[in-house]
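S.K.: Sharing a structure here in structure tokens format.
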Amino acid sequence: MSVPLDVPVLHGSSVRLEPLAMRHASDLARAAEEDRSSYEFTVVPRAAEVEQYLAAQLTREGLTPFAQVRIRDGRAVGCTAFWNPRTWPERHDLRAIEIGWTWLGASAQGAGINVEAKFLLFTYAFETLGVARVDLKTDARNERSRRAIERLGARFEGVLRNWSPSWAPGEAGMLRDSAMFSVVAAEWPTVKSTLHARLTTVSTG
């Protein structure tokens, strides 16, 4: 049984991470249809599927989902989540967690929102939850996602074959190879400084 997480709203300067709710549906439906060309390997609902998607996310075991709300206009422009929390043997406190289920509408991409959202999630994971490790993974074929994860400061650990369900078109029911990345607690101070510097550059650029 996964550990339930009660994460508050996480506030940044360009994005606010709110616990995902049905009230985000209309904004997310609009964001999901802006331009879908970057979603080849990512789970992003069509507008008509958003309510069903939200219902599934809100009941998925081990998932703590968030709406990514753009500060400048207050609109939900994507989703992200904590996923797959793992505890220490014979204890209830967390040792590791994954960040995943992430997508952004086209107008929110490349604007620093993804970087700040990850900064908020990493900070909460290491400094509040006290985990020893944060994982990130993506379809091994998704070069764009892999580059973005590496720019966060996460370390590439290798490719696990037939590891995850594929979300690529035409591959329903198939497994994909997953490229695995992580940040461990000892690396967090350096990664935090790097992300802070990136966010400062974005805000002053």
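By order of appearance in the structure tokens: chains A, B, ..., then residues from 1 within every chain, and ligands from 1 in the order shown.
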Using DSSP on the backbone, list every residue of stretch 13-191 of chain A that comes out as helix (DSSP H, G or I), and give them as number ranges by chain.

M.R.: A: 22-32, 47-59, 106-108, 113-129, 143-151, 185-191

S.K.: Just want the 10 Å neighbourhood of A:Val184, counted on only C-alpha atoms, with same-chain residues fewer than 2 positions away dropped. Output as number ranges by chain.

M.R.: A: 96, 126, 131-135, 154-155, 182, 186-189, 191

S.K.: Could you write out, as a PyMOL selection string, all the residues of stretch 112-146 of chain A that DSSP marks as strand (DSSP E)?

M.R.: chain A and resi 133-139

S.K.: So which residues touch A:Ala32 within 6 Å, counting only C-alpha atoms, skipping near sequence neighbours fewer than 3 positions away, as a list in words?

M.R.: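 Contacts, in chain order: Leu28, Ala29 and Gly105 of chain A.
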
S.K.: Dump all heavy atoms for the selected residues as an mmCIF file, in the first residue's frame?

M.R.:
data_model
loop_
_atom_site.group_PDB
_atom_site.id
_atom_site.type_symbol
_atom_site.label_atom_id
_atom_site.label_comp_id
_atom_site.auth_asym_id
_atom_site.auth_seq_id
_atom_site.Cartn_x
_atom_site.Cartn_y
_atom_site.Cartn_z
ATOM 1 N N LEU A 28 -7.511 22.993 -18.314
ATOM 2 C CA LEU A 28 -6.653 21.932 -18.840
ATOM 3 C C LEU A 28 -7.118 21.476 -20.214
ATOM 4 O O LEU A 28 -6.288 21.147 -21.076
ATOM 5 C CB LEU A 28 -6.603 20.758 -17.864
ATOM 6 C CG LEU A 28 -5.894 21.050 -16.536
ATOM 7 C CD1 LEU A 28 -6.038 19.873 -15.584
ATOM 8 C CD2 LEU A 28 -4.414 21.379 -16.764
ATOM 9 N N ALA A 29 -8.425 21.460 -20.439
ATOM 10 C CA ALA A 29 -8.937 21.101 -21.766
ATOM 11 C C ALA A 29 -8.432 22.092 -22.812
ATOM 12 O O ALA A 29 -8.038 21.713 -23.922
ATOM 13 C CB ALA A 29 -10.459 21.070 -21.746
ATOM 14 N N GLY A 105 0.795 22.808 -21.582
ATOM 15 C CA GLY A 105 0.297 23.341 -22.829
ATOM 16 C C GLY A 105 1.405 24.064 -23.577
ATOM 17 O O GLY A 105 2.385 24.537 -22.977
#

S.K.: Mind checking which residues fall within 10 Å of A:Leu136, counting only C-alpha atoms, ignoring those fewer than 5 positions away in the same chain, and posting them as a PDB file with C-alpha atoms, in the first residue's frame?

M.R.:
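This is the output file result-v4.pdb:
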ATOM      1  CA  TRP A  83       4.447   9.186  -7.957  1.00  0.00           C
ATOM      2  CA  ILE A  97       9.719   9.220  -4.692  1.00  0.00           C
ATOM      3  CA  GLU A  98       9.298   9.875  -8.412  1.00  0.00           C
ATOM      4  CA  ILE A  99       8.302  13.073 -10.209  1.00  0.00           C
ATOM      5  CA  GLY A 100       6.269  12.303 -13.294  1.00  0.00           C
ATOM      6  CA  TRP A 101       2.976  12.470 -15.220  1.00  0.00           C
ATOM      7  CA  ARG A 146      15.733  13.356 -21.794  1.00  0.00           C
ATOM      8  CA  ILE A 149      15.637  16.143 -17.414  1.00  0.00           C
ATOM      9  CA  ALA A 154      19.403  14.771 -12.706  1.00  0.00           C
ATOM     10  CA  ARG A 155      21.886  11.994 -13.406  1.00  0.00           C
ATOM     11  CA  PHE A 156      21.208   9.468 -16.172  1.00  0.00           C
ATOM     12  CA  SER A 178      12.466   3.763 -19.981  1.00  0.00           C
ATOM     13  CA  ALA A 179      15.431   6.106 -19.564  1.00  0.00           C
ATOM     14  CA  MET A 180      16.003   6.475 -15.822  1.00  0.00           C
ATOM     15  CA  PHE A 181      17.329   9.553 -14.021  1.00  0.00           C
ATOM     16  CA  SER A 182      17.714  10.529 -10.388  1.00  0.00           C
ATOM     17  CA  VAL A 183      18.855  13.141  -7.912  1.00  0.00           C
TER      18      VAL A 183
END

S.K.: Which residue out of A:Pro45, A:Gly74, A:Pro85, A:Gly112 has the minimum interatomic distance to A:Leu5 when only C-alpha atoms are used?

M.R.: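 Nearest to A:Leu5: A:Pro85.
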
S.K.: Select, from A:Leu10, A:Leu17, A:Ala197, A:Ala185, the residue with the minimum atom-to-atom distance to A:Glu127, counting only C-alpha atoms.

M.R.: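 Comparing A:Leu10, A:Leu17, A:Ala197, A:Ala185 against A:Glu127, the winner is A:Ala185.
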
S.K.: Could you list, as a list in words, every residue within 12 Å of A:Arg75, counting only C-alpha atoms and ignoring same-chain residues fewer than 5 positions away?

M.R.: Ser14, Val15, Arg16, Leu17, Glu18, Arg23, His24, Ala25, Ser26, Asp27, Leu28, Ala29, Arg30, Ala31, Ala67, Gln68, Val69, Arg70, Leu104, Gly105, Ser107 and Ala108 of chain A

S.K.: If you keep N, CA and C atoms, can you produce a file of those selected residues as a tab-separated table (two decimals), in the first residue's frame?

M.R.:
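For reference, part.tsv as written:
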chain	number	residue	atom	x	y	z
A	14	SER	N	6.39	32.02	-11.08
A	14	SER	CA	5.73	31.89	-12.38
A	14	SER	C	4.70	30.78	-12.41
A	15	VAL	N	4.77	29.85	-11.45
A	15	VAL	CA	3.82	28.73	-11.41
A	15	VAL	C	3.45	28.42	-9.98
A	16	ARG	N	2.22	27.99	-9.81
A	16	ARG	CA	1.72	27.55	-8.52
A	16	ARG	C	1.22	26.12	-8.71
A	17	LEU	N	1.68	25.20	-7.88
A	17	LEU	CA	1.25	23.80	-7.97
A	17	LEU	C	0.12	23.58	-6.97
A	18	GLU	N	-1.08	23.37	-7.51
A	18	GLU	CA	-2.26	23.16	-6.69
A	18	GLU	C	-2.66	21.68	-6.75
A	23	ARG	N	-12.12	21.25	-10.72
A	23	ARG	CA	-12.27	22.65	-11.10
A	23	ARG	C	-11.21	23.10	-12.11
A	24	HIS	N	-10.16	22.31	-12.27
A	24	HIS	CA	-9.13	22.65	-13.26
A	24	HIS	C	-9.47	22.16	-14.67
A	25	ALA	N	-10.57	21.44	-14.81
A	25	ALA	CA	-10.85	20.73	-16.07
A	25	ALA	C	-10.93	21.66	-17.27
A	26	SER	N	-11.65	22.76	-17.17
A	26	SER	CA	-11.83	23.61	-18.35
A	26	SER	C	-10.53	24.23	-18.81
A	27	ASP	N	-9.72	24.69	-17.86
A	27	ASP	CA	-8.41	25.24	-18.22
A	27	ASP	C	-7.53	24.18	-18.88
A	28	LEU	N	-7.51	22.99	-18.31
A	28	LEU	CA	-6.65	21.93	-18.84
A	28	LEU	C	-7.12	21.48	-20.21
A	29	ALA	N	-8.42	21.46	-20.44
A	29	ALA	CA	-8.94	21.10	-21.77
A	29	ALA	C	-8.43	22.09	-22.81
A	30	ARG	N	-8.43	23.35	-22.46
A	30	ARG	CA	-7.93	24.38	-23.38
A	30	ARG	C	-6.42	24.23	-23.60
A	31	ALA	N	-5.67	24.02	-22.52
A	31	ALA	CA	-4.22	23.90	-22.63
A	31	ALA	C	-3.81	22.69	-23.47
A	67	ALA	N	-2.14	20.42	-10.47
A	67	ALA	CA	-2.32	21.29	-11.63
A	67	ALA	C	-1.21	22.33	-11.60
A	68	GLN	N	-0.60	22.58	-12.77
A	68	GLN	CA	0.39	23.64	-12.88
A	68	GLN	C	-0.36	24.91	-13.29
A	69	VAL	N	-0.46	25.85	-12.37
A	69	VAL	CA	-1.23	27.07	-12.59
A	69	VAL	C	-0.28	28.23	-12.88
A	70	ARG	N	-0.43	28.81	-14.05
A	70	ARG	CA	0.42	29.93	-14.45
A	70	ARG	C	0.04	31.18	-13.66
A	104	LEU	N	2.70	20.14	-20.18
A	104	LEU	CA	2.37	21.56	-20.22
A	104	LEU	C	1.76	21.89	-21.57
A	105	GLY	N	0.80	22.81	-21.58
A	105	GLY	CA	0.30	23.34	-22.83
A	105	GLY	C	1.40	24.06	-23.58
A	107	SER	N	1.74	26.96	-24.92
A	107	SER	CA	2.04	28.34	-24.56
A	107	SER	C	2.82	28.46	-23.26
A	108	ALA	N	2.86	27.40	-22.47
A	108	ALA	CA	3.58	27.41	-21.20
A	108	ALA	C	4.95	26.75	-21.30

S.K.: So that I can check the surroundings of A:Arg161, please list as a ChimeraX atom specification every protein, DNA and RNA residue that reaches within 12 Å of it, counting only C-alpha atoms and ignoring chain neighbours fewer than 6 positions away.

M.R.: /A:138-141,174-180

S.K.: Write the residues of the preceding selection, restricted to all heavy atoms, as a tab-separated table (two decimals), in the first residue's frame.

M.R.:
chain	number	residue	atom	x	y	z
A	138	THR	N	11.54	8.62	-18.50
A	138	THR	CA	10.84	8.98	-19.73
A	138	THR	C	11.05	7.88	-20.75
A	138	THR	O	11.95	7.03	-20.60
A	138	THR	CB	11.34	10.33	-20.27
A	138	THR	OG1	10.51	10.77	-21.34
A	138	THR	CG2	12.79	10.25	-20.76
A	139	ASP	N	10.22	7.86	-21.77
A	139	ASP	CA	10.42	6.93	-22.88
A	139	ASP	C	11.84	7.13	-23.41
A	139	ASP	O	12.27	8.26	-23.67
A	139	ASP	CB	9.39	7.23	-23.97
A	139	ASP	CG	9.32	6.15	-25.04
A	139	ASP	OD1	10.37	5.84	-25.63
A	139	ASP	OD2	8.22	5.65	-25.31
A	140	ALA	N	12.57	6.05	-23.55
A	140	ALA	CA	13.97	6.15	-23.98
A	140	ALA	C	14.12	6.82	-25.34
A	140	ALA	O	15.18	7.35	-25.66
A	140	ALA	CB	14.61	4.76	-23.99
A	141	ARG	N	13.06	6.82	-26.15
A	141	ARG	CA	13.11	7.46	-27.47
A	141	ARG	C	12.84	8.96	-27.42
A	141	ARG	O	13.01	9.66	-28.43
A	141	ARG	CB	12.07	6.78	-28.39
A	141	ARG	CG	12.30	5.30	-28.60
A	141	ARG	CD	11.08	4.63	-29.21
A	141	ARG	NE	9.94	4.63	-28.29
A	141	ARG	CZ	8.77	4.07	-28.55
A	141	ARG	NH1	8.57	3.47	-29.72
A	141	ARG	NH2	7.78	4.10	-27.66
A	174	MET	N	1.46	-2.16	-25.20
A	174	MET	CA	2.86	-2.53	-25.36
A	174	MET	C	3.70	-1.89	-24.26
A	174	MET	O	3.27	-0.97	-23.58
A	174	MET	CB	3.36	-2.09	-26.74
A	174	MET	CG	2.64	-2.74	-27.90
A	174	MET	SD	3.16	-2.08	-29.52
A	174	MET	CE	4.90	-2.56	-29.53
A	175	LEU	N	4.90	-2.43	-24.10
A	175	LEU	CA	5.85	-1.88	-23.13
A	175	LEU	C	6.92	-1.07	-23.84
A	175	LEU	O	7.28	-1.35	-24.98
A	175	LEU	CB	6.50	-3.00	-22.32
A	175	LEU	CG	5.56	-3.78	-21.40
A	175	LEU	CD1	6.30	-4.97	-20.80
A	175	LEU	CD2	5.02	-2.88	-20.30
A	176	ARG	N	7.43	-0.09	-23.14
A	176	ARG	CA	8.49	0.75	-23.68
A	176	ARG	C	9.76	0.56	-22.87
A	176	ARG	O	9.74	0.10	-21.72
A	176	ARG	CB	8.09	2.23	-23.60
A	176	ARG	CG	8.17	2.76	-22.18
A	176	ARG	CD	7.82	4.23	-22.04
A	176	ARG	NE	8.28	4.74	-20.75
A	176	ARG	CZ	7.86	5.87	-20.21
A	176	ARG	NH1	6.96	6.62	-20.82
A	176	ARG	NH2	8.34	6.27	-19.04
A	177	ASP	N	10.89	0.94	-23.44
A	177	ASP	CA	12.13	1.09	-22.69
A	177	ASP	C	12.11	2.46	-22.01
A	177	ASP	O	11.76	3.46	-22.64
A	177	ASP	CB	13.34	1.00	-23.61
A	177	ASP	CG	13.49	-0.36	-24.27
A	177	ASP	OD1	12.80	-1.31	-23.84
A	177	ASP	OD2	14.29	-0.47	-25.21
A	178	SER	N	12.50	2.51	-20.73
A	178	SER	CA	12.47	3.76	-19.98
A	178	SER	C	13.87	4.22	-19.63
A	178	SER	O	14.67	3.44	-19.08
A	178	SER	CB	11.66	3.61	-18.68
A	178	SER	OG	10.28	3.51	-18.96
A	179	ALA	N	14.18	5.47	-19.97
A	179	ALA	CA	15.43	6.11	-19.56
A	179	ALA	C	15.25	6.62	-18.14
A	179	ALA	O	14.33	7.37	-17.86
A	179	ALA	CB	15.78	7.24	-20.51
A	180	MET	N	16.14	6.19	-17.24
A	180	MET	CA	16.00	6.48	-15.82
A	180	MET	C	17.00	7.54	-15.38
A	180	MET	O	18.18	7.51	-15.75
A	180	MET	CB	16.24	5.20	-15.01
A	180	MET	CG	15.37	4.03	-15.42
A	180	MET	SD	13.60	4.28	-15.17
A	180	MET	CE	13.54	4.39	-13.37

S.K.: For atom CA of A:Pro165 and atom CA of A:Phe82, determine how far apart the two atoms are, in Å to one decimal place.

M.R.: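 It comes out at 17.9 Å.
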
S.K.: Restricting the calculation to only C-alpha atoms: of A:Ala168, A:Cys79, A:Ala47, A:Met22, which residue gets closest to A:Pro65?

M.R.: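 For A:Pro65, the nearest of the candidates is A:Cys79.
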
S.K.: Using Å and a single decimal, report how far atom CA of A:Leu199 sits from atom CA of A:Ala21.

M.R.: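 It comes out at 27.3 Å.
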
S.K.: Using only C-alpha atoms for the distances, tell me which of A:Leu94, A:Leu195, A:Val77, A:Leu129 is nearest to A:Arg151.

M.R.: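 So, comparing all the options, the nearest one is A:Leu195.
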
S.K.: When you draw a straight line from atom CA of A:Arg60 to atom CA of A:Leu20, how long is it in Å?

M.R.: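 These atoms are spaced 12.3 Å apart.
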